[in-house]
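Text of structure.txt (compact mmCIF, C-alpha atoms and all ligand atoms) as supplied:
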```txt
# COMPACT_ATOMS: atom_id res chain seq x y z
CA MET A 1 61.46 177.24 97.06
CA ASN A 2 63.74 176.28 94.18
CA ILE A 3 65.20 172.82 94.62
CA ARG A 4 67.41 170.30 92.80
CA ILE A 5 65.48 167.65 90.94
CA GLY A 6 66.96 164.49 89.44
CA ILE A 7 64.92 162.71 86.78
CA ILE A 8 65.70 159.12 85.89
CA GLY A 9 64.38 158.07 82.49
CA SER A 10 64.57 160.73 79.76
CA GLY A 11 61.82 159.46 77.48
CA ALA A 12 58.46 161.06 76.74
CA MET A 13 57.60 161.57 80.40
CA GLY A 14 61.03 162.34 81.84
CA ARG A 15 61.73 165.11 79.33
CA GLY A 16 58.28 166.65 79.93
CA ILE A 17 58.73 166.61 83.71
CA ALA A 18 62.16 168.21 83.24
CA GLN A 19 60.69 171.00 81.15
CA LEU A 20 57.89 171.63 83.63
CA PHE A 21 60.15 172.00 86.65
CA ALA A 22 62.93 173.89 84.84
CA SER A 23 60.26 176.36 83.66
CA ALA A 24 59.13 176.72 87.28
CA GLY A 25 62.67 177.75 88.28
CA HIS A 26 64.13 174.48 89.62
CA GLN A 27 67.50 173.00 88.69
CA VAL A 28 66.92 169.74 86.87
CA TRP A 29 69.24 166.87 85.95
CA LEU A 30 68.22 164.26 83.39
CA HIS A 31 69.58 160.72 83.54
CA ASP A 32 68.95 157.68 81.34
CA SER A 33 70.61 154.29 80.91
CA ARG A 34 70.88 155.21 77.19
CA PRO A 35 73.08 158.33 76.97
CA GLU A 36 71.59 159.28 73.58
CA ALA A 37 68.13 159.52 75.21
CA ILE A 38 69.42 162.34 77.46
CA ASP A 39 70.73 164.35 74.51
CA GLN A 40 67.53 163.74 72.55
CA ALA A 41 65.41 164.88 75.50
CA LEU A 42 67.41 168.10 75.94
CA GLN A 43 67.25 168.79 72.21
CA PHE A 44 63.51 168.04 72.10
CA ASN A 45 62.84 170.42 74.98
CA ARG A 46 64.88 173.19 73.37
CA GLU A 47 62.96 172.84 70.11
CA LEU A 48 59.64 172.90 71.96
CA LEU A 49 60.63 176.09 73.79
CA GLU A 50 61.87 177.64 70.53
CA ARG A 51 58.38 177.12 69.11
CA SER A 52 56.97 179.04 72.09
CA VAL A 53 59.40 181.88 71.38
CA ALA A 54 58.42 181.87 67.69
CA LYS A 55 54.75 182.15 68.71
CA GLY A 56 55.55 185.06 71.02
CA ARG A 57 54.63 183.12 74.17
CA MET A 58 58.12 183.30 75.65
CA THR A 59 61.14 185.58 75.32
CA ALA A 60 64.48 184.33 74.01
CA GLU A 61 66.04 185.24 77.40
CA THR A 62 63.54 183.08 79.27
CA LEU A 63 64.21 180.21 76.87
CA GLU A 64 67.96 180.39 77.56
CA ALA A 65 67.36 180.53 81.30
CA VAL A 66 65.04 177.48 81.24
CA VAL A 67 67.41 175.51 78.99
CA ALA A 68 70.34 176.35 81.31
CA ARG A 69 68.42 174.84 84.23
CA MET A 70 68.21 171.43 82.47
CA GLN A 71 71.45 169.49 82.60
CA PRO A 72 72.55 165.99 81.67
CA ALA A 73 73.61 163.49 84.33
CA HIS A 74 75.40 160.70 82.52
CA ARG A 75 76.01 158.77 85.73
CA LEU A 76 73.37 158.05 88.37
CA ASP A 77 75.69 159.22 91.17
CA GLU A 78 75.60 162.73 89.69
CA LEU A 79 72.11 162.91 91.21
CA ALA A 80 73.43 162.41 94.76
CA GLY A 81 72.86 166.08 95.73
CA CYS A 82 69.22 166.22 94.58
CA ASP A 83 66.35 166.98 96.96
CA LEU A 84 63.77 165.20 94.83
CA LEU A 85 64.27 162.23 92.51
CA ILE A 86 61.55 161.47 89.99
CA GLU A 87 61.67 158.10 88.29
CA ALA A 88 60.20 157.73 84.78
CA ILE A 89 61.84 154.53 83.51
CA VAL A 90 60.26 151.44 81.99
CA GLU A 91 56.97 150.27 83.57
CA ASP A 92 58.49 147.22 85.28
CA LEU A 93 58.25 146.59 89.02
CA GLU A 94 61.63 144.88 89.46
CA ALA A 95 63.46 147.54 87.42
CA LYS A 96 61.88 150.28 89.52
CA GLN A 97 62.61 148.47 92.81
CA ARG A 98 66.27 148.00 91.81
CA LEU A 99 66.55 151.67 90.91
CA PHE A 100 64.93 152.89 94.14
CA ALA A 101 67.21 150.69 96.28
CA GLU A 102 70.22 152.12 94.42
CA LEU A 103 68.98 155.71 94.68
CA GLU A 104 68.44 155.36 98.40
CA ARG A 105 72.10 154.46 98.83
CA LEU A 106 73.15 157.59 96.89
CA VAL A 107 70.96 160.42 98.11
CA SER A 108 70.60 162.19 101.47
CA VAL A 109 68.12 160.91 104.07
CA GLU A 110 65.87 163.94 103.48
CA ALA A 111 65.55 163.38 99.73
CA ILE A 112 62.12 162.41 98.39
CA LEU A 113 61.87 159.52 95.95
CA ALA A 114 58.92 159.76 93.57
CA THR A 115 57.72 157.42 90.86
CA ASN A 116 55.81 158.39 87.75
CA THR A 117 54.43 154.86 87.43
CA SER A 118 51.05 154.68 85.67
CA SER A 119 49.84 151.54 87.35
CA LEU A 120 52.35 149.75 89.56
CA SER A 121 51.87 149.71 93.30
CA VAL A 122 53.81 152.57 94.92
CA THR A 123 53.84 150.54 98.13
CA ARG A 124 55.55 147.65 96.35
CA ILE A 125 58.13 149.92 94.74
CA ALA A 126 58.78 151.47 98.18
CA SER A 127 59.20 148.01 99.75
CA ALA A 128 62.67 147.90 98.19
CA CYS A 129 63.69 150.91 100.32
CA ALA A 130 64.90 151.13 103.91
CA HIS A 131 62.80 154.32 104.25
CA PRO A 132 59.51 153.70 102.41
CA GLU A 133 58.03 156.79 104.08
CA ARG A 134 60.01 158.99 101.67
CA VAL A 135 58.51 157.28 98.57
CA ALA A 136 55.36 158.48 96.78
CA GLY A 137 53.76 158.39 93.36
CA PHE A 138 53.95 161.55 91.22
CA HIS A 139 51.91 160.52 88.20
CA PHE A 140 51.99 163.03 85.36
CA PHE A 141 50.24 162.77 82.01
CA ASN A 142 51.58 163.13 78.50
CA PRO A 143 52.48 165.79 77.32
CA VAL A 144 53.44 166.94 80.81
CA PRO A 145 53.62 170.73 80.30
CA LEU A 146 50.10 170.75 78.78
CA MET A 147 48.30 168.13 80.85
CA LYS A 148 47.75 169.94 84.12
CA LEU A 149 46.61 167.02 86.27
CA VAL A 150 49.10 165.09 88.40
CA GLU A 151 48.14 162.28 90.77
CA VAL A 152 50.09 162.39 94.04
CA VAL A 153 49.90 158.80 95.21
CA ARG A 154 50.08 158.01 98.89
CA GLY A 155 51.67 154.58 99.40
CA GLU A 156 50.76 152.64 102.55
CA ARG A 157 53.82 154.00 104.34
CA THR A 158 54.27 157.38 102.64
CA ALA A 159 54.77 160.22 105.14
CA ALA A 160 52.12 162.97 105.06
CA MET A 161 54.94 165.52 104.79
CA VAL A 162 56.11 163.94 101.53
CA VAL A 163 52.60 164.11 100.03
CA ASP A 164 52.29 167.76 101.12
CA ARG A 165 55.65 168.63 99.57
CA LEU A 166 54.73 167.09 96.21
CA VAL A 167 51.37 168.87 96.25
CA GLN A 168 53.14 172.20 96.87
CA LEU A 169 55.68 171.59 94.11
CA ALA A 170 52.98 170.66 91.61
CA GLU A 171 50.91 173.74 92.46
CA HIS A 172 53.95 175.99 92.29
CA ALA A 173 54.61 174.64 88.77
CA GLY A 174 51.02 175.50 87.77
CA HIS A 175 49.71 171.93 87.89
CA PHE A 176 46.61 170.53 89.57
CA PRO A 177 47.55 167.80 92.08
CA ALA A 178 44.99 165.15 93.05
CA VAL A 179 46.00 163.08 96.08
CA THR A 180 44.98 159.45 95.59
CA PRO A 181 45.42 156.29 97.62
CA ASP A 182 47.66 153.55 96.25
CA THR A 183 44.99 151.43 94.57
CA PRO A 184 45.46 149.64 91.20
CA GLY A 185 45.62 152.23 88.41
CA PHE A 186 45.08 154.98 91.05
CA ILE A 187 42.03 156.94 89.85
CA VAL A 188 42.72 157.94 86.24
CA ASN A 189 43.92 154.56 84.99
CA HIS A 190 41.22 152.75 86.98
CA ALA A 191 38.37 154.83 85.56
CA GLY A 192 40.08 155.04 82.16
CA ARG A 193 40.32 151.27 81.67
CA ALA A 194 36.70 151.06 80.64
CA TYR A 195 37.25 153.77 78.05
CA GLY A 196 40.17 151.90 76.48
CA THR A 197 39.25 148.23 76.84
CA GLU A 198 35.64 148.61 75.70
CA ALA A 199 36.78 150.60 72.65
CA GLN A 200 39.18 147.76 71.76
CA ARG A 201 36.37 145.24 72.26
CA ILE A 202 34.13 147.20 69.87
CA LEU A 203 36.96 147.15 67.32
CA SER A 204 37.69 143.43 67.78
CA GLU A 205 33.99 142.62 67.28
CA GLY A 206 34.01 144.52 63.99
CA ILE A 207 31.36 146.99 65.14
CA ALA A 208 33.30 150.14 64.23
CA THR A 209 36.75 151.33 63.08
CA PRO A 210 39.24 153.28 65.24
CA GLU A 211 38.36 156.45 63.30
CA GLN A 212 34.65 156.01 63.97
CA ILE A 213 35.09 155.21 67.66
CA ASP A 214 37.52 158.11 68.19
CA ARG A 215 35.25 160.53 66.38
CA ILE A 216 32.16 159.43 68.33
CA LEU A 217 33.92 159.85 71.67
CA ARG A 218 35.37 163.22 70.69
CA ASP A 219 32.21 164.67 69.18
CA GLY A 220 29.73 163.05 71.56
CA PRO A 221 30.89 163.04 75.17
CA GLY A 222 33.52 165.62 74.20
CA PHE A 223 36.75 163.82 75.12
CA ARG A 224 39.73 165.74 73.81
CA MET A 225 41.07 162.55 72.18
CA GLY A 226 39.51 159.26 71.22
CA PRO A 227 40.84 156.08 72.87
CA PHE A 228 42.88 154.93 69.84
CA GLU A 229 44.50 158.34 69.40
CA LEU A 230 45.35 158.24 73.08
CA PHE A 231 46.78 154.69 72.89
CA ASP A 232 49.03 155.79 70.03
CA LEU A 233 50.15 158.92 71.89
CA THR A 234 50.86 157.08 75.14
CA GLY A 235 52.57 154.17 73.37
CA LEU A 236 50.96 150.74 73.26
CA ASP A 237 53.89 149.21 75.15
CA ILE A 238 53.05 151.50 78.08
CA SER A 239 49.25 151.34 77.89
CA HIS A 240 49.16 147.56 77.45
CA ALA A 241 51.53 147.10 80.41
CA VAL A 242 49.20 149.34 82.44
CA MET A 243 46.18 147.23 81.45
CA GLU A 244 47.96 144.01 82.39
CA SER A 245 49.10 145.48 85.67
CA VAL A 246 45.63 146.75 86.68
CA HIS A 247 44.09 143.39 85.68
CA ASP A 248 46.66 141.48 87.77
CA GLN A 249 46.28 143.75 90.77
CA PHE A 250 42.51 143.22 90.75
CA TYR A 251 43.14 139.44 90.81
CA GLN A 252 42.23 138.96 87.14
CA ASP A 253 38.82 140.58 87.47
CA PRO A 254 37.39 140.09 83.92
CA ARG A 255 36.21 143.72 83.87
CA TYR A 256 39.84 144.70 83.34
CA THR A 257 40.88 142.02 80.83
CA PRO A 258 43.36 143.59 78.38
CA SER A 259 42.80 143.30 74.63
CA TYR A 260 44.64 140.86 72.36
CA LEU A 261 44.63 143.64 69.75
CA ALA A 262 47.07 145.66 71.83
CA ALA A 263 49.16 142.57 72.71
CA GLN A 264 49.56 141.74 69.00
CA ARG A 265 50.64 145.25 68.12
CA VAL A 266 53.16 145.34 70.96
CA ALA A 267 54.61 142.00 69.77
CA ALA A 268 54.90 143.46 66.25
CA GLY A 269 56.62 146.64 67.48
CA LEU A 270 53.67 148.80 66.36
CA LEU A 271 53.67 151.00 69.43
CA GLY A 272 51.98 154.14 68.13
CA ARG A 273 53.42 157.55 67.27
CA LYS A 274 56.89 156.69 68.50
CA THR A 275 57.30 153.87 65.95
CA GLY A 276 55.26 155.45 63.14
CA GLN A 277 52.38 152.99 63.45
CA GLY A 278 49.96 151.76 66.11
CA TYR A 279 46.21 151.94 65.57
CA TYR A 280 47.01 154.66 63.02
CA ARG A 281 49.97 155.30 60.73
CA TYR A 282 52.10 158.46 61.05
CA GLU A 283 54.41 160.30 58.70
CA SER A 284 56.52 163.19 60.03
CA GLY A 285 54.34 163.18 63.14
CA GLN A 286 51.11 163.55 61.09
CA GLN A 287 48.34 161.02 61.61
CA LEU A 288 47.28 159.12 58.48
CA ARG A 289 44.50 156.55 58.14
CA SER A 290 44.44 153.39 60.32
CA PRO A 291 46.35 150.62 58.48
P1 LIG B 1 59.79 155.93 77.38
O1 LIG B 1 60.01 154.57 76.84
O2 LIG B 1 59.50 157.07 76.48
O3 LIG B 1 61.07 156.36 78.28
C1 LIG B 1 61.62 155.54 79.26
C2 LIG B 1 63.12 155.85 79.33
O4 LIG B 1 63.66 155.18 80.47
C3 LIG B 1 63.90 155.34 78.10
O5 LIG B 1 64.64 156.41 77.54
C4 LIG B 1 64.81 154.25 78.67
O6 LIG B 1 66.07 154.20 78.05
C5 LIG B 1 64.94 154.67 80.13
N1 LIG B 1 65.26 153.59 81.06
C6 LIG B 1 64.72 152.34 81.09
N2 LIG B 1 65.22 151.66 82.14
C7 LIG B 1 66.09 152.50 82.79
C8 LIG B 1 66.89 152.39 83.95
N3 LIG B 1 66.92 151.28 84.67
N4 LIG B 1 67.65 153.45 84.32
C9 LIG B 1 67.63 154.59 83.59
N5 LIG B 1 66.88 154.75 82.48
C10 LIG B 1 66.11 153.73 82.09
O7 LIG B 1 58.62 155.77 78.47
P2 LIG B 1 57.61 156.89 79.04
O8 LIG B 1 56.40 156.93 78.19
O9 LIG B 1 58.38 158.14 79.30
O10 LIG B 1 57.17 156.21 80.43
C11 LIG B 1 58.02 156.20 81.55
C12 LIG B 1 57.21 155.91 82.81
O11 LIG B 1 56.16 156.87 82.91
C13 LIG B 1 56.53 154.54 82.87
O12 LIG B 1 56.53 154.09 84.18
C14 LIG B 1 55.12 154.83 82.39
O13 LIG B 1 54.19 153.89 82.85
C15 LIG B 1 54.90 156.20 83.01
N6 LIG B 1 53.88 157.02 82.35
C16 LIG B 1 53.79 157.09 80.98
C17 LIG B 1 52.82 157.87 80.37
C18 LIG B 1 52.70 158.00 78.89
O14 LIG B 1 51.68 158.55 78.40
N7 LIG B 1 53.68 157.54 78.09
C19 LIG B 1 51.84 158.64 81.17
C20 LIG B 1 52.08 158.56 82.60
C21 LIG B 1 53.04 157.76 83.15
```
Using structure tokens, write down the structure from this file.
Ligand code: NAI
Amino acid sequence: MNIRIGIIGSGAMGRGIAQLFASAGHQVWLHDSRPEAIDQALQFNRELLERSVAKGRMTAETLEAVVARMQPAHRLDELAGCDLLIEAIVEDLEAKQRLFAELERLVSVEAILATNTSSLSVTRIASACAHPERVAGFHFFNPVPLMKLVEVVRGERTAAMVVDRLVQLAEHAGHFPAVTPDTPGFIVNHAGRAYGTEAQRILSEGIATPEQIDRILRDGPGFRMGPFELFDLTGLDISHAVMESVHDQFYQDPRYTPSYLAAQRVAAGLLGRKTGQGYYRYESGQQLRSP
């Protein structure tokens, strides 16, 4: 069952996917166009696992074994022998299409190419490939080891065998796969748009603050996080790009109009937790008041 998995993009999602599959016994290689991102991801994962050891949830031997299964790949061609390639780079269609075309030239004909895109059309990404039937969406959620859902997205030309394989791999890693068709935002980011965009509208109309809205949605309907906490965790660069993408793919349906509040923050580099400020401010990872 254990396979070789190449992950391209070693940011928040790539490192989480690496940890998940290394913990499930697979050999994992992490690649990034920024070499320092690979080292940071490996270091981050080690520290996370060390916390599990400190809490008695994992033995030191298991930690070393999991860490040993995660390796850096400084060049893309080091992924040539992988059975599954999972892309988690920037949410940009052309960048993903370029990468998939390049990967297809490197890997064997049996290798599966998966994208962790939140909102781009899997079918369009696959259109850059000579074998689009090997391409599918494998949409994880942040933080990957904790968020058990993964959408397995069936592009228009994805082979049934590829979907089945991803479902098996997700289940084997202890995740819950939901097979979805390749529609804008799939299911989670289609249904979730209302949650995010309406919350931003309430804020822009001065009806309530981020704290109030987050608290109401946590304590009322019982969401684990309010929309502004979630925006800051995801990163506004990512979530705003998702909103724009879903809006475009629905032919500018006004129901999905993104918020200028997010656009302004992205322009200012206030992306959320990763930059220390988004809808809230953060110090040493701790959430402070909204600015
Ligand atoms: P991130 O910004 O944390 O990491 C992206 C990494 O990709 C960076 O380290 C960057 O240097 C690297 N990169 C960019 N272009 C590259 C290329 N051409 N080749 C190799 N490396 C490249 O982003 P994050 O949050 O990990 O998101 C990655 C993907 O996952 C996006 O498609 C996003 O929509 C999707 N996603 C993000 C979620 C989130 O909550 N952040 C949730 C689910 C999906």
Checklist entry - If you count only C-alpha atoms and all ligand atoms, which residues end up within 6 Å of ligand LIG 1 (chain B), as a PyMOL selection string? => result chain A and resi 8-14+32-34+37+88-91+95+116-118+139-142+234-235+238
Checklist entry - Which residue out of A:Thr59, A:Ser108, A:Thr180, A:Ser52 has the minimum interatomic distance to A:Gly81 when all atoms listed in the file are used? => result A:Ser108
Checklist entry - Which value, in Å to one decimal, gives the distance between atom CA of A:Glu205 and atom CA of A:Val246? => result 23.0 Å
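With only the atoms specified (all atoms listed in the file) counting, those residues at most 7 Å away from (43.6, 159.9, 90.1) are A:Glu151, A:Ala178, A:Thr180, A:Phe186, A:Ile187, A:Val188.
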Just write the chosen residues, C-alpha atoms, as a CSV table (one decimal), keeping the file's coordinate frame.
```
chain,number,residue,atom,x,y,z
A,151,GLU,CA,48.1,162.3,90.8
A,178,ALA,CA,45.0,165.2,93.0
A,180,THR,CA,45.0,159.4,95.6
A,186,PHE,CA,45.1,155.0,91.0
A,187,ILE,CA,42.0,156.9,89.8
A,188,VAL,CA,42.7,157.9,86.2
```
Next on the checklist: Calculated over all atoms listed in the file, which of the candidates A:Glu133, A:Glu229, A:Asp182, A:Asp219 has the smallest distance to A:Gln277?
Outcome noted: A:Glu229
Checklist entry - How many Å lie between atom CA of A:Asp237 and atom CA of A:Arg255, rounded to one decimal? => result 20.5 Å
Item to check | d(atom CA of A:Lys96, atom CA of A:Val109) in Å | outcome: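 Between atom CA of A:Lys96 and atom CA of A:Val109 the gap works out to 19.1 Å.
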